[in-house]
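J.: Handing over final20.csv, CSV, C-alpha atoms.
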```csv
chain,number,residue,atom,x,y,z
A,29,MET,CA,0.0,0.0,0.0
A,30,ASN,CA,1.3,3.4,-1.0
A,31,SER,CA,1.9,5.8,1.9
A,32,GLY,CA,1.7,8.9,-0.3
A,33,VAL,CA,4.3,10.4,2.0
A,34,GLY,CA,7.7,11.9,1.1
A,35,PHE,CA,10.5,12.9,3.5
A,36,VAL,CA,12.6,16.0,2.7
A,37,PHE,CA,15.6,17.3,4.6
A,38,PRO,CA,16.9,20.9,4.9
A,39,GLY,CA,20.3,22.2,3.8
A,40,GLN,CA,22.5,25.2,4.7
A,41,GLY,CA,20.5,28.4,5.5
A,42,SER,CA,18.1,26.5,7.8
A,43,GLN,CA,20.5,26.5,10.8
A,44,SER,CA,19.9,28.6,13.9
A,45,VAL,CA,21.2,28.6,17.4
A,46,GLY,CA,19.0,26.5,19.6
A,47,MET,CA,18.0,24.0,16.9
A,48,GLY,CA,17.2,20.6,18.1
A,49,LYS,CA,17.3,21.5,21.8
A,50,ALA,CA,13.5,21.2,22.5
A,51,LEU,CA,13.4,17.8,20.9
A,52,CYS,CA,16.4,16.6,22.8
A,53,ASP,CA,14.9,17.9,26.1
A,54,ALA,CA,11.7,16.1,25.4
A,55,PHE,CA,13.3,12.9,24.3
A,56,PRO,CA,16.5,12.4,26.3
A,57,HIS,CA,17.5,9.3,24.2
A,58,LEU,CA,18.3,11.6,21.3
A,59,ALA,CA,21.4,12.9,23.3
A,60,GLN,CA,23.1,9.7,22.2
A,61,ILE,CA,23.0,10.9,18.5
A,62,TYR,CA,24.8,14.1,19.4
A,63,GLU,CA,27.4,12.2,21.6
A,64,GLU,CA,28.1,9.7,18.8
A,65,ALA,CA,28.6,12.6,16.3
A,66,SER,CA,30.8,14.6,18.8
A,67,ALA,CA,33.2,11.7,19.1
A,68,ILE,CA,33.6,11.6,15.3
A,69,LEU,CA,33.8,15.4,14.9
A,70,GLY,CA,36.2,16.1,17.8
A,71,TYR,CA,34.0,18.8,19.4
A,72,ASP,CA,30.7,19.0,21.2
A,73,ILE,CA,28.1,19.4,18.4
A,74,ALA,CA,25.2,19.6,20.9
A,75,ALA,CA,26.7,22.6,22.6
A,76,LEU,CA,27.2,24.3,19.2
A,77,CYS,CA,23.7,23.5,18.0
A,78,PHE,CA,22.0,24.5,21.3
A,79,ASN,CA,24.2,27.4,22.4
A,80,GLY,CA,26.1,28.7,19.3
A,81,PRO,CA,27.7,31.1,18.8
A,82,ALA,CA,26.0,31.8,15.5
A,83,GLU,CA,29.3,32.9,13.9
A,84,THR,CA,30.8,29.4,14.5
A,85,LEU,CA,27.6,27.6,13.6
A,86,ASN,CA,27.4,29.5,10.3
A,87,LEU,CA,30.8,28.4,9.1
A,88,THR,CA,30.2,25.8,6.4
A,89,GLU,CA,32.4,23.1,8.0
A,90,HIS,CA,30.3,23.4,11.2
A,91,THR,CA,26.9,24.1,9.6
A,92,GLN,CA,26.9,20.8,7.6
A,93,PRO,CA,27.4,18.3,10.4
A,94,ALA,CA,25.2,20.4,12.7
A,95,LEU,CA,22.3,20.3,10.3
A,96,LEU,CA,22.8,16.6,9.5
A,97,VAL,CA,22.9,15.6,13.2
A,98,SER,CA,19.9,17.8,14.1
A,99,SER,CA,17.9,16.4,11.2
A,100,VAL,CA,18.7,12.8,12.0
A,101,ALA,CA,17.7,13.5,15.7
A,102,ALA,CA,14.3,14.8,14.4
A,103,LEU,CA,14.0,11.7,12.1
A,104,ARG,CA,14.6,9.4,15.1
A,105,ALA,CA,12.0,11.3,17.1
A,106,LEU,CA,9.5,10.6,14.4
A,107,HIS,CA,10.4,6.9,14.6
A,108,PRO,CA,9.4,4.3,15.5
A,109,ALA,CA,6.5,5.7,13.6
A,110,THR,CA,5.4,3.0,11.2
A,111,ILE,CA,5.6,4.9,8.0
A,112,THR,CA,7.7,4.2,4.9
A,113,PRO,CA,8.0,7.2,2.6
A,114,GLU,CA,7.5,6.8,-1.2
A,115,ALA,CA,10.6,8.8,-1.8
A,116,VAL,CA,13.1,11.0,0.0
A,117,ALA,CA,15.1,14.1,-1.1
A,118,GLY,CA,17.4,16.7,0.6
A,119,HIS,CA,18.4,20.2,-0.3
A,120,SER,CA,22.1,20.1,-1.0
A,121,LEU,CA,23.6,19.0,2.3
A,122,GLY,CA,20.2,17.6,3.2
A,123,GLU,CA,20.8,14.9,0.5
A,124,TYR,CA,23.2,13.2,2.9
A,125,THR,CA,20.5,13.1,5.6
A,126,ALA,CA,18.1,11.7,3.0
A,127,LEU,CA,20.6,8.9,2.2
A,128,VAL,CA,20.8,8.1,5.9
A,129,ALA,CA,17.0,7.9,6.1
A,130,ALA,CA,16.8,5.7,3.0
A,131,GLY,CA,19.5,3.3,4.4
A,132,GLY,CA,22.2,4.0,1.8
A,133,LEU,CA,24.7,5.5,4.3
A,134,THR,CA,25.3,4.9,8.0
A,135,PHE,CA,25.0,7.8,10.4
A,136,ARG,CA,28.6,7.6,11.4
A,137,ASP,CA,29.9,7.7,7.8
A,138,ALA,CA,27.5,10.6,7.0
A,139,VAL,CA,28.9,12.7,9.9
A,140,ALA,CA,32.5,12.1,8.9
A,141,ILE,CA,31.9,12.8,5.2
A,142,VAL,CA,29.9,16.0,5.6
A,143,GLN,CA,32.6,17.4,8.0
A,144,LYS,CA,35.1,16.8,5.1
A,145,ARG,CA,32.7,18.1,2.5
A,146,GLY,CA,32.3,21.4,4.5
A,147,ARG,CA,36.1,21.7,5.0
A,148,TYR,CA,36.8,21.0,1.3
A,149,MET,CA,34.2,23.6,0.3
A,150,SER,CA,35.7,26.2,2.6
A,151,GLU,CA,39.2,25.6,1.3
A,152,ALA,CA,38.2,25.7,-2.3
A,153,VAL,CA,37.4,29.4,-2.2
A,154,PRO,CA,39.3,32.0,-0.1
A,155,ALA,CA,37.2,33.4,2.8
A,156,GLY,CA,35.3,36.5,1.9
A,157,THR,CA,35.7,36.2,-1.9
A,158,GLY,CA,32.4,34.4,-2.6
A,159,ALA,CA,28.8,35.4,-2.2
A,160,VAL,CA,25.3,33.8,-2.3
A,161,ALA,CA,22.0,35.6,-2.8
A,162,ALA,CA,18.3,34.7,-3.5
A,163,LEU,CA,16.7,36.5,-6.4
A,164,LEU,CA,12.9,36.8,-6.1
A,165,GLY,CA,10.4,37.3,-8.9
A,166,LEU,CA,12.3,36.2,-11.9
A,167,ALA,CA,11.9,33.2,-14.2
A,168,ALA,CA,14.8,30.7,-14.2
A,169,GLU,CA,15.8,31.5,-17.7
A,170,VAL,CA,16.0,35.3,-17.0
A,171,VAL,CA,18.2,34.5,-13.9
A,172,LYS,CA,20.5,32.4,-16.1
A,173,GLU,CA,20.7,35.3,-18.6
A,174,ALA,CA,21.6,37.8,-15.9
A,175,CYS,CA,24.4,35.4,-14.7
A,176,ARG,CA,25.7,35.0,-18.3
A,177,GLU,CA,25.8,38.8,-18.7
A,178,ALA,CA,27.6,39.3,-15.4
A,179,GLY,CA,30.2,36.7,-16.4
A,180,SER,CA,32.8,39.3,-17.4
A,181,ALA,CA,33.0,40.2,-13.7
A,182,GLY,CA,33.8,36.6,-12.6
A,183,VAL,CA,32.2,33.3,-11.9
A,184,VAL,CA,28.5,33.4,-11.1
A,185,GLN,CA,25.7,30.9,-11.8
A,186,ALA,CA,22.2,29.9,-10.7
A,187,ALA,CA,23.0,27.6,-7.8
A,188,ASN,CA,19.5,26.6,-6.6
A,189,PHE,CA,16.3,26.5,-8.6
A,190,ASN,CA,14.2,26.6,-5.4
A,191,SER,CA,10.6,27.3,-6.5
A,192,PRO,CA,8.8,29.4,-9.1
A,193,GLY,CA,10.2,32.9,-8.7
A,194,GLN,CA,13.0,32.0,-6.3
A,195,VAL,CA,16.4,31.2,-7.7
A,196,VAL,CA,19.6,31.4,-5.6
A,197,ILE,CA,22.8,32.6,-7.4
A,198,ALA,CA,26.3,32.1,-6.2
A,199,GLY,CA,29.9,32.8,-7.3
A,200,GLU,CA,32.6,35.3,-6.9
A,201,LYS,CA,31.5,38.4,-4.9
A,202,ALA,CA,31.9,41.0,-7.7
A,203,ALA,CA,30.1,38.8,-10.2
A,204,VAL,CA,27.2,38.1,-7.9
A,205,GLU,CA,26.8,41.8,-7.2
A,206,ARG,CA,26.9,42.5,-10.9
A,207,ALA,CA,24.3,39.8,-11.6
A,208,ILE,CA,22.0,41.3,-8.9
A,209,GLU,CA,22.3,44.7,-10.6
A,210,ILE,CA,21.4,43.2,-14.0
A,211,ALA,CA,18.6,41.1,-12.5
A,212,LYS,CA,17.0,44.2,-11.1
A,213,THR,CA,16.9,45.8,-14.6
A,214,LYS,CA,15.1,42.6,-15.7
A,215,GLY,CA,12.4,42.9,-13.1
A,216,CYS,CA,13.9,41.2,-10.0
A,217,LYS,CA,11.7,42.2,-7.1
A,218,LYS,CA,14.2,41.5,-4.3
A,219,ALA,CA,17.8,40.2,-3.8
A,220,VAL,CA,18.4,38.6,-0.4
A,221,PRO,CA,22.0,37.9,0.7
A,222,LEU,CA,22.2,34.4,2.3
A,223,PRO,CA,24.2,33.3,5.4
A,224,VAL,CA,26.2,30.7,3.5
A,225,SER,CA,30.0,31.2,3.7
A,226,VAL,CA,30.9,29.6,0.4
A,227,PRO,CA,29.5,29.8,-3.2
A,228,VAL,CA,28.3,26.2,-3.4
A,229,HIS,CA,26.8,24.6,-6.6
A,230,THR,CA,29.0,26.6,-8.9
A,231,PRO,CA,32.1,25.6,-10.9
A,232,LEU,CA,34.2,27.1,-8.0
A,233,MET,CA,33.4,23.8,-6.2
A,234,GLN,CA,35.0,21.5,-8.7
A,235,LYS,CA,38.2,21.3,-6.7
A,236,ALA,CA,36.2,20.4,-3.6
A,237,ALA,CA,34.2,17.8,-5.6
A,238,ASP,CA,37.4,16.2,-6.8
A,239,ARG,CA,38.7,15.8,-3.2
A,240,LEU,CA,35.4,14.6,-2.0
A,241,ALA,CA,35.3,11.9,-4.7
A,242,ALA,CA,38.2,10.0,-3.1
A,243,ASP,CA,36.4,9.9,0.3
A,244,LEU,CA,33.1,8.9,-1.1
A,245,ALA,CA,34.8,6.0,-2.9
A,246,SER,CA,36.0,4.7,0.5
A,247,ILE,CA,32.5,4.4,1.9
A,248,ALA,CA,30.4,1.2,1.9
A,249,TRP,CA,27.2,2.2,0.1
A,250,THR,CA,24.0,0.2,0.3
A,251,ASP,CA,21.0,0.1,-2.2
A,252,LEU,CA,18.3,2.4,-0.9
A,253,ARG,CA,15.0,1.2,0.7
A,254,MET,CA,13.1,3.9,-1.3
A,255,PRO,CA,14.1,6.2,-4.1
A,256,LEU,CA,16.2,9.3,-3.5
A,257,ILE,CA,15.3,12.1,-5.9
A,258,ASN,CA,18.7,13.6,-6.5
A,259,ASN,CA,19.7,17.3,-6.7
A,260,ALA,CA,21.8,17.2,-9.8
A,261,GLU,CA,19.2,15.7,-12.2
A,262,ALA,CA,16.0,15.5,-10.2
A,263,LYS,CA,16.0,11.8,-11.0
A,264,PRO,CA,15.3,8.8,-8.7
A,265,ILE,CA,18.3,6.8,-7.5
A,266,VAL,CA,18.1,3.5,-5.7
A,267,LYS,CA,21.3,1.6,-6.6
A,268,ALA,CA,24.4,2.0,-4.4
A,269,ARG,CA,26.7,2.4,-7.5
A,270,ASP,CA,24.8,5.5,-8.6
A,271,ILE,CA,24.9,7.4,-5.3
A,272,GLN,CA,28.6,8.2,-5.2
A,273,ALA,CA,28.8,9.8,-8.7
A,274,SER,CA,25.6,11.7,-8.1
A,275,LEU,CA,27.1,13.3,-4.9
A,276,VAL,CA,30.3,14.3,-6.7
A,277,ARG,CA,28.2,15.9,-9.5
A,278,GLN,CA,26.1,17.7,-6.9
A,279,LEU,CA,28.8,20.1,-5.6
A,280,PRO,CA,29.6,22.0,-8.8
A,281,SER,CA,26.0,21.6,-10.3
A,282,SER,CA,22.8,23.5,-9.6
A,283,VAL,CA,20.3,22.1,-7.1
A,284,LEU,CA,17.2,21.3,-9.1
A,285,TRP,CA,14.8,21.6,-6.1
A,286,GLU,CA,11.7,22.6,-8.0
A,287,ASP,CA,12.1,19.7,-10.4
A,288,SER,CA,12.9,17.3,-7.5
A,289,VAL,CA,9.6,18.2,-5.7
A,290,LYS,CA,7.6,17.8,-8.9
A,291,ALA,CA,9.3,14.4,-9.4
A,292,MET,CA,8.4,13.3,-5.9
A,293,ALA,CA,4.8,14.4,-6.6
A,294,ALA,CA,4.9,12.3,-9.8
A,295,THR,CA,5.8,9.2,-7.8
A,296,GLY,CA,2.6,9.6,-5.8
A,297,VAL,CA,3.8,11.8,-2.9
A,298,LYS,CA,0.9,13.9,-1.7
A,299,THR,CA,2.2,14.7,1.8
A,300,PHE,CA,5.7,16.2,2.2
A,301,VAL,CA,7.3,16.0,5.7
A,302,GLU,CA,10.2,18.3,6.3
A,303,ILE,CA,12.4,16.8,8.9
A,304,GLY,CA,15.0,18.9,10.6
A,305,PRO,CA,15.6,22.6,11.6
A,306,GLY,CA,13.4,25.3,10.1
A,307,THR,CA,10.6,25.3,7.6
A,308,VAL,CA,12.3,26.6,4.5
A,309,LEU,CA,11.5,23.6,2.3
A,310,THR,CA,7.9,23.6,3.5
A,311,GLY,CA,7.5,27.1,2.1
A,312,LEU,CA,9.1,26.2,-1.2
A,313,ILE,CA,7.0,23.1,-1.6
A,314,ARG,CA,3.8,25.0,-1.1
A,315,ARG,CA,4.7,27.2,-4.0
A,316,ILE,CA,5.8,24.2,-6.2
A,317,VAL,CA,2.9,21.9,-5.5
A,318,PRO,CA,0.1,24.1,-4.0
A,319,ASP,CA,-2.3,21.2,-3.4
A,320,ALA,CA,0.2,19.0,-1.5
A,321,THR,CA,-0.1,18.6,2.3
A,322,THR,CA,3.0,19.9,4.1
A,323,LEU,CA,4.1,18.8,7.6
A,324,ASN,CA,7.3,19.3,9.5
A,325,VAL,CA,9.3,17.9,12.5
A,326,ASN,CA,11.6,20.3,14.2
A,327,ASP,CA,10.3,20.5,17.8
A,328,PRO,CA,7.9,18.5,20.1
A,329,LYS,CA,4.8,20.5,19.0
A,330,SER,CA,5.4,20.0,15.2
A,331,LEU,CA,6.3,16.3,15.9
A,332,GLU,CA,3.0,15.8,17.7
A,333,ALA,CA,1.0,17.6,14.9
A,334,THR,CA,2.8,15.5,12.2
A,335,ARG,CA,2.1,12.2,14.0
A,336,ALA,CA,-1.6,13.2,14.4
A,337,ALA,CA,-1.9,14.2,10.7
A,338,LEU,CA,-0.3,10.9,9.6
A,339,GLY,CA,-2.5,8.9,12.0
A,340,LEU,CA,0.5,7.5,14.0
```
Can you turn what I pasted into structure tokens?

T.:
Amino acid sequence: MNSGVGFVFPGQGSQSVGMGKALCDAFPHLAQIYEEASAILGYDIAALCFNGPAETLNLTEHTQPALLVSSVAALRALHPATITPEAVAGHSLGEYTALVAAGGLTFRDAVAIVQKRGRYMSEAVPAGTGAVAALLGLAAEVVKEACREAGSAGVVQAANFNSPGQVVIAGEKAAVERAIEIAKTKGCKKAVPLPVSVPVHTPLMQKAADRLAADLASIAWTDLRMPLINNAEAKPIVKARDIQASLVRQLPSSVLWEDSVKAMAATGVKTFVEIGPGTVLTGLIRRIVPDATTLNVNDPKSLEATRAALGL
């Protein structure tokens, strides 16, 4: 029997100081997840998530494990709910959490690999030279055009196709600023700088992707229990052999989030459950598939509401 449910997991930009604390207080057994991760990372990830400071939490190499661990804790809080999703997806970093949820990657391996991923991304581009911004109110093709026209100022490209009228651009600072100026002449309603410390999902990440490829090759991958709709092509992946290459492609490629959500809906997903900090993806999904039901799990109250809505 089809559940009609899909699980989605947030990426960078959803982090905030205090995330996960209420769930951990309500379900003391979740502390074990943070302890296990801290032993791998070499620092107290619970303290960073719960108490900050924000400047440290917002550094890519810290943000990535922090979001992964907080999202897995939220997933464990939802379990042992007897529900098998039709499909899973994650936004950028969230794709690793989705792989844990689908059984392709162990939690321990995921923590170790996202710490390296964050470090490689930080080291690929000198601090302060990159920028990321969300452009609101423009069609995807117009954003691509603005990035092409700004290319003389440096590297800039559409990094995330998030929802109709919301495209995130990233690249070298001067080129991003130029692209924003051009986009405004083409009808962009608003440009919002994002708290992401590196220009991910651009060709500037190729060096990081090459380094990551060697680490991904050393992991024991498992076929997935349900399809993952991947970021790079918005296509379903189930086989272990396909996961590795997809994750390497993901770093320098745009995140096709709008297409991924549509692909999940096409597999029969009518209820999307965002699991982890924030409700960024919930807002995007409402714009992409307006008739879908959206739920989330990020604190005890939302967990209770989601369980009730799913009849658990």

J.: Any idea what's packed within 9 Å of Met47 in chain A, counting all atoms listed in the file, ignoring anything in its chain fewer than 5 positions away? Could you give it as a list in words?

T.: Cys77, Phe78, Asn79, Leu95, Ser98, Gly304, Pro305, Gly306, Asn326 and Asp327 of chain A

J.: What is the CA of Cys175 in chain A to CA of Asn188 in chain A distance in Å?

T.: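 Those two atoms sit 12.9 Å apart.
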
J.: What is the CA of Thr250 in chain A to CA of Tyr124 in chain A distance in Å?

T.: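 One can read the CA of Thr250 in chain A to CA of Tyr124 in chain A distance as 13.3 Å.
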
J.: Find the spatial neighbours of Val160 in chain A, counting only C-alpha atoms, within a cut-off of 8 Å - ignore same-chain residues fewer than 2 positions away - and output them as number ranges by chain.

T.: A: 158, 162, 196-199, 204, 221-224, 226-227

J.: Which one of A:Ala248, A:Cys216, A:Ile68, A:Leu76 sits closest to Val170 in chain A if you count all atoms listed in the file?

T.: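 Checking each of A:Ala248, A:Cys216, A:Ile68, A:Leu76 against Val170 in chain A, counting all atoms listed in the file, the winner is A:Cys216.
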
J.: For Gly182 in chain A, please output as a compact mmCIF listing (two decimals) with C-alpha atoms, keeping the file's coordinate frame all residues within 8 Å (counting only C-alpha atoms; exclusion window: fewer than 6 positions along the same chain).

T.:
```
# COMPACT_ATOMS: atom_id res chain seq x y z
CA GLY A 199 29.90 32.80 -7.30
CA GLU A 200 32.60 35.30 -6.90
CA ALA A 202 31.90 41.00 -7.70
CA ALA A 203 30.10 38.80 -10.20
```

J.: Set the distance at 10 Å and use only C-alpha atoms: which residues neighbour Val128 in chain A once local chain neighbours fewer than 3 positions away are removed? I'd like the list as a PyMOL selection string.

T.: chain A and resi 96+100+103+122-125+131-138+252

J.: Using CA of Leu256 in chain A and CA of Ala115 in chain A as the two end points, give the distance in Å to one decimal.

T.: 5.9 Å

J.: Hey, which bits of range 236-261 of chain A sit within 10 Å of range 290-302 of chain A, and for each residue what's the closest pair of atoms and how far apart in Å (one decimal), counting all atoms listed in the file, rows by chain and increasing number, as a tab-separated table?

T.:
```
residue	atom	partner	partner_atom	distance
A:Pro255	CA	A:Met292	CA	9.3
A:Leu256	CA	A:Met292	CA	9.1
A:Ile257	CA	A:Met292	CA	7.0
A:Asn258	CA	A:Ala291	CA	9.9
```

J.: Excluding Gly165 in chain A and its own-chain neighbours fewer than 5 positions away, which residues fall within 9 Å of it when counting all atoms listed in the file? Please give them as a list in words.

T.: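 These residues fall inside the cut-off: Pro192, Gly193, Gln194, Val195, Gly215, Cys216, Lys217 and Lys218 of chain A.
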
J.: Please, could you write that set of residues out with C-alpha atoms as a PDB file, keeping the file's coordinate frame?

T.:
```pdb
ATOM      1  CA  PRO A 192       8.800  29.400  -9.100  1.00  0.00           C
ATOM      2  CA  GLY A 193      10.200  32.900  -8.700  1.00  0.00           C
ATOM      3  CA  GLN A 194      13.000  32.000  -6.300  1.00  0.00           C
ATOM      4  CA  VAL A 195      16.400  31.200  -7.700  1.00  0.00           C
ATOM      5  CA  GLY A 215      12.400  42.900 -13.100  1.00  0.00           C
ATOM      6  CA  CYS A 216      13.900  41.200 -10.000  1.00  0.00           C
ATOM      7  CA  LYS A 217      11.700  42.200  -7.100  1.00  0.00           C
ATOM      8  CA  LYS A 218      14.200  41.500  -4.300  1.00  0.00           C
TER       9      LYS A 218
END
```

J.: Around all listed atoms of range 77-85 of chain A, padded 8 Å per side, what centre and edge lengths does the axis-aligned box have in Å to one decimal, as JSON?

T.:
```
{"center_x": 26.4, "center_y": 28.2, "center_z": 18.0, "size_x": 24.8, "size_y": 25.4, "size_z": 24.8}
```

J.: Check the smallest atom-to-atom distance from each of A:Ala260, A:Ile271, A:Ala320, A:Ala101 to Gly48 in chain A using all atoms listed in the file, then report the winner.

T.: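 Among the listed residues, the smallest separation from Gly48 in chain A belongs to A:Ala101.
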
J.: Would you please work out which residue, of A:Gln92, A:Ser282, A:Thr112, A:Gln234, is nearest to Ala186 in chain A when using only C-alpha atoms?

T.: A:Ser282

J.: I'd like to know which of A:Pro56, A:Pro93, A:Gly70, A:Pro81 is closest to Gly146 in chain A, using all atoms listed in the file.

T.: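 Nearest to Gly146 in chain A: A:Pro93.
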
J.: Save C-alpha atoms of range 63-135 of chain A from the block above as a PDB file, in the first residue's frame.

T.:
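For reference, decode-v4.pdb as written:
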```
ATOM      1  CA  GLU A  63      27.356  12.210  21.580  1.00  0.00           C
ATOM      2  CA  GLU A  64      28.117   9.736  18.786  1.00  0.00           C
ATOM      3  CA  ALA A  65      28.609  12.615  16.323  1.00  0.00           C
ATOM      4  CA  SER A  66      30.766  14.614  18.766  1.00  0.00           C
ATOM      5  CA  ALA A  67      33.158  11.655  19.117  1.00  0.00           C
ATOM      6  CA  ILE A  68      33.595  11.599  15.321  1.00  0.00           C
ATOM      7  CA  LEU A  69      33.838  15.387  14.872  1.00  0.00           C
ATOM      8  CA  GLY A  70      36.190  16.067  17.790  1.00  0.00           C
ATOM      9  CA  TYR A  71      34.025  18.777  19.366  1.00  0.00           C
ATOM     10  CA  ASP A  72      30.702  19.047  21.220  1.00  0.00           C
ATOM     11  CA  ILE A  73      28.137  19.354  18.420  1.00  0.00           C
ATOM     12  CA  ALA A  74      25.205  19.556  20.879  1.00  0.00           C
ATOM     13  CA  ALA A  75      26.747  22.614  22.562  1.00  0.00           C
ATOM     14  CA  LEU A  76      27.246  24.292  19.174  1.00  0.00           C
ATOM     15  CA  CYS A  77      23.683  23.546  17.984  1.00  0.00           C
ATOM     16  CA  PHE A  78      22.001  24.488  21.260  1.00  0.00           C
ATOM     17  CA  ASN A  79      24.155  27.443  22.394  1.00  0.00           C
ATOM     18  CA  GLY A  80      26.095  28.699  19.345  1.00  0.00           C
ATOM     19  CA  PRO A  81      27.726  31.139  18.833  1.00  0.00           C
ATOM     20  CA  ALA A  82      26.026  31.841  15.488  1.00  0.00           C
ATOM     21  CA  GLU A  83      29.332  32.928  13.857  1.00  0.00           C
ATOM     22  CA  THR A  84      30.771  29.448  14.495  1.00  0.00           C
ATOM     23  CA  LEU A  85      27.576  27.607  13.572  1.00  0.00           C
ATOM     24  CA  ASN A  86      27.378  29.517  10.258  1.00  0.00           C
ATOM     25  CA  LEU A  87      30.840  28.385   9.120  1.00  0.00           C
ATOM     26  CA  THR A  88      30.246  25.774   6.415  1.00  0.00           C
ATOM     27  CA  GLU A  89      32.411  23.076   7.993  1.00  0.00           C
ATOM     28  CA  HIS A  90      30.340  23.351  11.201  1.00  0.00           C
ATOM     29  CA  THR A  91      26.946  24.054   9.629  1.00  0.00           C
ATOM     30  CA  GLN A  92      26.918  20.838   7.623  1.00  0.00           C
ATOM     31  CA  PRO A  93      27.429  18.301  10.439  1.00  0.00           C
ATOM     32  CA  ALA A  94      25.211  20.399  12.748  1.00  0.00           C
ATOM     33  CA  LEU A  95      22.281  20.269  10.319  1.00  0.00           C
ATOM     34  CA  LEU A  96      22.805  16.593   9.533  1.00  0.00           C
ATOM     35  CA  VAL A  97      22.891  15.601  13.216  1.00  0.00           C
ATOM     36  CA  SER A  98      19.888  17.780  14.137  1.00  0.00           C
ATOM     37  CA  SER A  99      17.889  16.386  11.197  1.00  0.00           C
ATOM     38  CA  VAL A 100      18.734  12.756  12.047  1.00  0.00           C
ATOM     39  CA  ALA A 101      17.674  13.455  15.654  1.00  0.00           C
ATOM     40  CA  ALA A 102      14.319  14.781  14.361  1.00  0.00           C
ATOM     41  CA  LEU A 103      13.979  11.692  12.148  1.00  0.00           C
ATOM     42  CA  ARG A 104      14.631   9.392  15.136  1.00  0.00           C
ATOM     43  CA  ALA A 105      12.033  11.327  17.148  1.00  0.00           C
ATOM     44  CA  LEU A 106       9.471  10.596  14.431  1.00  0.00           C
ATOM     45  CA  HIS A 107      10.367   6.908  14.569  1.00  0.00           C
ATOM     46  CA  PRO A 108       9.416   4.257  15.527  1.00  0.00           C
ATOM     47  CA  ALA A 109       6.528   5.703  13.564  1.00  0.00           C
ATOM     48  CA  THR A 110       5.366   2.988  11.228  1.00  0.00           C
ATOM     49  CA  ILE A 111       5.584   4.897   7.983  1.00  0.00           C
ATOM     50  CA  THR A 112       7.679   4.182   4.907  1.00  0.00           C
ATOM     51  CA  PRO A 113       8.023   7.167   2.589  1.00  0.00           C
ATOM     52  CA  GLU A 114       7.452   6.783  -1.161  1.00  0.00           C
ATOM     53  CA  ALA A 115      10.618   8.803  -1.794  1.00  0.00           C
ATOM     54  CA  VAL A 116      13.137  11.040  -0.036  1.00  0.00           C
ATOM     55  CA  ALA A 117      15.074  14.147  -1.057  1.00  0.00           C
ATOM     56  CA  GLY A 118      17.361  16.652   0.608  1.00  0.00           C
ATOM     57  CA  HIS A 119      18.364  20.179  -0.312  1.00  0.00           C
ATOM     58  CA  SER A 120      22.126  20.149  -1.005  1.00  0.00           C
ATOM     59  CA  LEU A 121      23.643  19.043   2.346  1.00  0.00           C
ATOM     60  CA  GLY A 122      20.209  17.563   3.160  1.00  0.00           C
ATOM     61  CA  GLU A 123      20.785  14.947   0.473  1.00  0.00           C
ATOM     62  CA  TYR A 124      23.192  13.199   2.870  1.00  0.00           C
ATOM     63  CA  THR A 125      20.511  13.108   5.594  1.00  0.00           C
ATOM     64  CA  ALA A 126      18.071  11.717   3.022  1.00  0.00           C
ATOM     65  CA  LEU A 127      20.574   8.936   2.235  1.00  0.00           C
ATOM     66  CA  VAL A 128      20.789   8.064   5.937  1.00  0.00           C
ATOM     67  CA  ALA A 129      16.970   7.948   6.070  1.00  0.00           C
ATOM     68  CA  ALA A 130      16.839   5.704   2.974  1.00  0.00           C
ATOM     69  CA  GLY A 131      19.460   3.313   4.359  1.00  0.00           C
ATOM     70  CA  GLY A 132      22.192   4.034   1.813  1.00  0.00           C
ATOM     71  CA  LEU A 133      24.669   5.516   4.281  1.00  0.00           C
ATOM     72  CA  THR A 134      25.333   4.898   7.966  1.00  0.00           C
ATOM     73  CA  PHE A 135      24.964   7.827  10.356  1.00  0.00           C
TER      74      PHE A 135
END
```
